[in-house]
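What follows is a short report on a single structure.
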Amino acid sequence: MDIQRLRTGKEKSLFAISLVVSLLAWIVVVVTVIGIFYALFFGMFMLIAHVLMIAHIKGHGVRLSEKQLPEIYARVIAASEKLGLKATPEVYVMQAGGALNAFATKLTSRNFIVIYSDLLEACGDEGKEIDMIIGHEIGHLALGHLKWLWVLLPSRIVPLLGAAYSRACEYSCDRCGFEVTGEIQSAARGLTILAAGGKYGKILDMQSFVLQVKETGGFWASVYELNATHPYLSKRVAALLNSQRPGLIPIAGRNALAYPLAPFFGIASTGGSAPLIMVAVVGMMVAIAIPQFNEYRTRADMAMVDTALTEIRENAIDYRERNNRWPCSEADLTMSKVSALVAQKNWNLELNCQNGFALIGFKKQGTEHRKAINFQTGQIEELPD
């Protein structure tokens with residue numbers, strides 16, 4: 001099947017924005033030697049932490065197979081084939097103290113899905129609600145969300161943008177869950193179980209639940225969701241129903257004041273440490289990048305000065321062959337490009353016809369620099385202030 005048709009339009013646009021922001025951030029890291037060092041250090045730390053998490057899952061979880069909980073494993077195989085995943089991921093069931101959750105993760109080329117045991121029990125053995133959960137997690141793998149995780153990492157800590165992209169991915173994966181389930185009511189019930197548990201999630205009034213989306217447009221509700229990686233469950237159910245019957249459930253818009261203020265309240269929200277992390281990371285990158293960039297510009301200007309002096313000498317030699325003396329001023333030479341560069345950079349050009357040299361004076365980072373070339377030898381040297 002064409003998995004791309006399940007990707008929401010909003011995810012596509014936010015992915016493009018996130019990719020541009022992330023690539024710009026990685027370019028800043030690449031052009032700074034110290035930035036590369038910090039990136040490698042941070043990457044190694046994250047990789048080790050991830051490997052240790054996988055080790056915890058494999059050591060404490062139960063790996064599903066044809067012999068281990070085969071009924072659930074068969075659903076995973078079917079969902080993987082339905083969503084076009086080339087290989088069935090490794091699936092583990094873990095006890096998590098009553099938490100109703102599941103997640104997908106990836107280590108190099110190996111895909112993993114972890115389902116908390118209480119969520120399995122809440123869905124039941126015979127209902128299709130578990131197909132919604134499995135399909136949703138496989139959707140993350142099939143749509144490539146984890147493949148792009150490291151590339152998009154810088155954008156994920158940008159206030160509003162990172163959380164918005166994450167929420168858009170969740171909507172896309174809900175569509176994947178429905179594709180696997182094949183029944184809109186069962187797919188919706190899979191989400192209501194996350195909200196109210198197995199007993200009550202299966203019997204709650206669906207219409208009343210989705211109408212709760214009217215309450216998500218207030219200021220504080222908007223602030224919370226703008227900082228959250230997952231949309232409100234009532235909005236997820238409403239979006240799922242609207243994907244089959246557009247406009248069925250009116251979705252409340254967010255309070256406009258929440259957008260500029262949400263990053264400042266992010267620390268009090270779930271996942272709200274992102275703004276603080278962003279400030280720390282951006283501050284570190286600025287502290288690294290600005291001195292390195294200034295040093296790079298200084299070296300570049302030094303190289304341009306050397307090139308200009310070399311061209312001035314070539315013109316000076318031609319002038320001497322014609323006039324039997326060294327040029328005394330810029331007007332004696334024909335070098336439009338050098339003259340334009342000198343004017344553009346606001347350099348000070350001096351020619352000494354008695355001693356046969358040219359000097360360019362320029363200022364960088366508040367410091368005066370002077371470089372001279374000897375017409376006779378072609379030697380370039382930097383003169384003391």
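Here's how to read the names in the structure tokens: chain A, B, ... by the order shown, residue numbers from 1 in each chain, ligand numbers from 1 in the order shown.
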message = What parts of range 185-278 of chain A does DSSP call helix (DSSP H, G or I)? I'd like the answer as JSON, numbers by chain.
response = {"A": [185, 186, 187, 188, 189, 190, 191, 192, 193, 194, 195, 196, 197, 198, 199, 200, 201, 206, 207, 208, 209, 210, 211, 212, 213, 214, 215, 216, 217, 219, 220, 221, 222, 223, 224, 225, 226, 233, 234, 235, 236, 237, 238, 239, 240, 241, 242, 243, 244, 258, 259, 260, 261, 262, 263, 264, 265, 266, 267, 268, 274, 275, 276, 277, 278]}
Would you kindly return, as a JSON list (two decimals) with C-alpha atoms, in the first residue's frame, each protein, DNA or RNA residue with an atom no farther than 12 Å from any atom of Arg325 in chain A, considering only C-alpha atoms and excluding same-chain residues fewer than 6 positions away?
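Resulting contents of selection.json:
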[["chain", "number", "residue", "atom", "x", "y", "z"],
["A", 316, "ALA", "CA", 53.25, 47.30, -10.47],
["A", 317, "ILE", "CA", 55.72, 45.13, -12.38],
["A", 318, "ASP", "CA", 53.91, 45.86, -15.64],
["A", 319, "TYR", "CA", 53.94, 49.57, -14.80],
["A", 332, "ASP", "CA", 48.91, 54.59, -11.86],
["A", 352, "ASN", "CA", 55.46, 53.59, -1.94],
["A", 353, "CYS", "CA", 57.33, 54.14, -5.20],
["A", 354, "GLN", "CA", 60.62, 55.03, -3.49],
["A", 355, "ASN", "CA", 60.96, 51.72, -1.58],
["A", 356, "GLY", "CA", 58.82, 49.65, -3.96],
["A", 375, "PHE", "CA", 57.35, 44.57, -5.38],
["A", 376, "GLN", "CA", 60.84, 43.20, -5.95]]
key: Surrounding residues of Thr192 in chain A excluding itself and chain neighbours under 2 positions, 10 Å, only C-alpha atoms, as a VMD selection string   = chain A and resid 129 186 to 190 194 to 198 200 to 206 209 to 210 233 to 234 236 to 237
inquiry  = Restricting the calculation to only C-alpha atoms: of A:Lys58, A:Ala239, A:Ile130, A:Val20, which residue gets closest to Tyr73 in chain A?
reply    = A:Ile130
List every residue of range 207-359 of chain A that DSSP, applied to the backbone, labels as strand (DSSP E), and write the result as a short mmCIF file (atom, residue, chain, number, x, y, z; two decimals) with C-alpha atoms, in the first residue's frame.
data_model
loop_
_atom_site.label_atom_id
_atom_site.label_comp_id
_atom_site.auth_asym_id
_atom_site.auth_seq_id
_atom_site.Cartn_x
_atom_site.Cartn_y
_atom_site.Cartn_z
CA ASN A 348 43.38 51.85 3.23
CA LEU A 349 45.73 51.29 0.25
CA GLU A 350 49.14 52.93 0.13
CA LEU A 351 51.82 52.62 -2.58
CA ASN A 352 55.46 53.59 -1.94
CA PHE A 357 55.99 48.22 -1.85
CA ALA A 358 52.21 48.40 -1.39
CA LEU A 359 50.41 48.33 1.96
#
query = What does the distance from CA of Ala372 in chain A to CA of Thr310 in chain A come to in Å, to one decimal?
reply =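 Result for CA of Ala372 in chain A versus CA of Thr310 in chain A: 9.9 Å, one decimal.
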message = Residues near Pro159 in chain A, anyone? I mean within 9 Å using only C-alpha atoms, not counting same-chain ones fewer than 2 positions away, as a VMD selection string.
response = chain A and resid 155 to 157 161 to 164 226 to 227 262 to 263 266 274 to 275 278
message = I'd like the contact shell of Ala238 in chain A - 8 Å cut-off, only C-alpha atoms, skipping same-chain residues fewer than 3 positions apart - returned as a list in words.
response =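 Residues meeting the cut-off are Val210, Val213, Ser234, Lys235, Leu241, Asn242, Ile249 and Ile251 of chain A.
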With C-alpha atoms kept, could you save the residues just selected as a tab-separated table (two decimals), in the first residue's frame?
chain	number	residue	atom	x	y	z
A	210	VAL	CA	-15.47	14.05	21.10
A	213	VAL	CA	-12.90	19.33	21.86
A	234	SER	CA	-10.57	13.99	22.38
A	235	LYS	CA	-9.05	15.89	19.43
A	241	LEU	CA	-13.68	10.55	12.70
A	242	ASN	CA	-13.27	13.64	10.51
A	249	ILE	CA	-16.80	17.14	14.45
A	251	ILE	CA	-12.57	21.45	16.04
task = Quick one: pull the distance between CA of Leu19 in chain A and CA of Val31 in chain A, Å, one decimal.
result =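 Interatomic distance, CA of Leu19 in chain A to CA of Val31 in chain A: 18.2 Å.
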query = What is the distance between CA of Leu107 in chain A and CA of His136 in chain A, in Å to one decimal?
reply =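 Going from CA of Leu107 in chain A over to CA of His136 in chain A, I get 19.0 Å.
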task = Skip Glu66 in chain A itself and residues of its chain fewer than 6 positions away, then list as a ChimeraX atom specification all residues within 12 Å of it, counting only C-alpha atoms.
result = /A:72-77,91
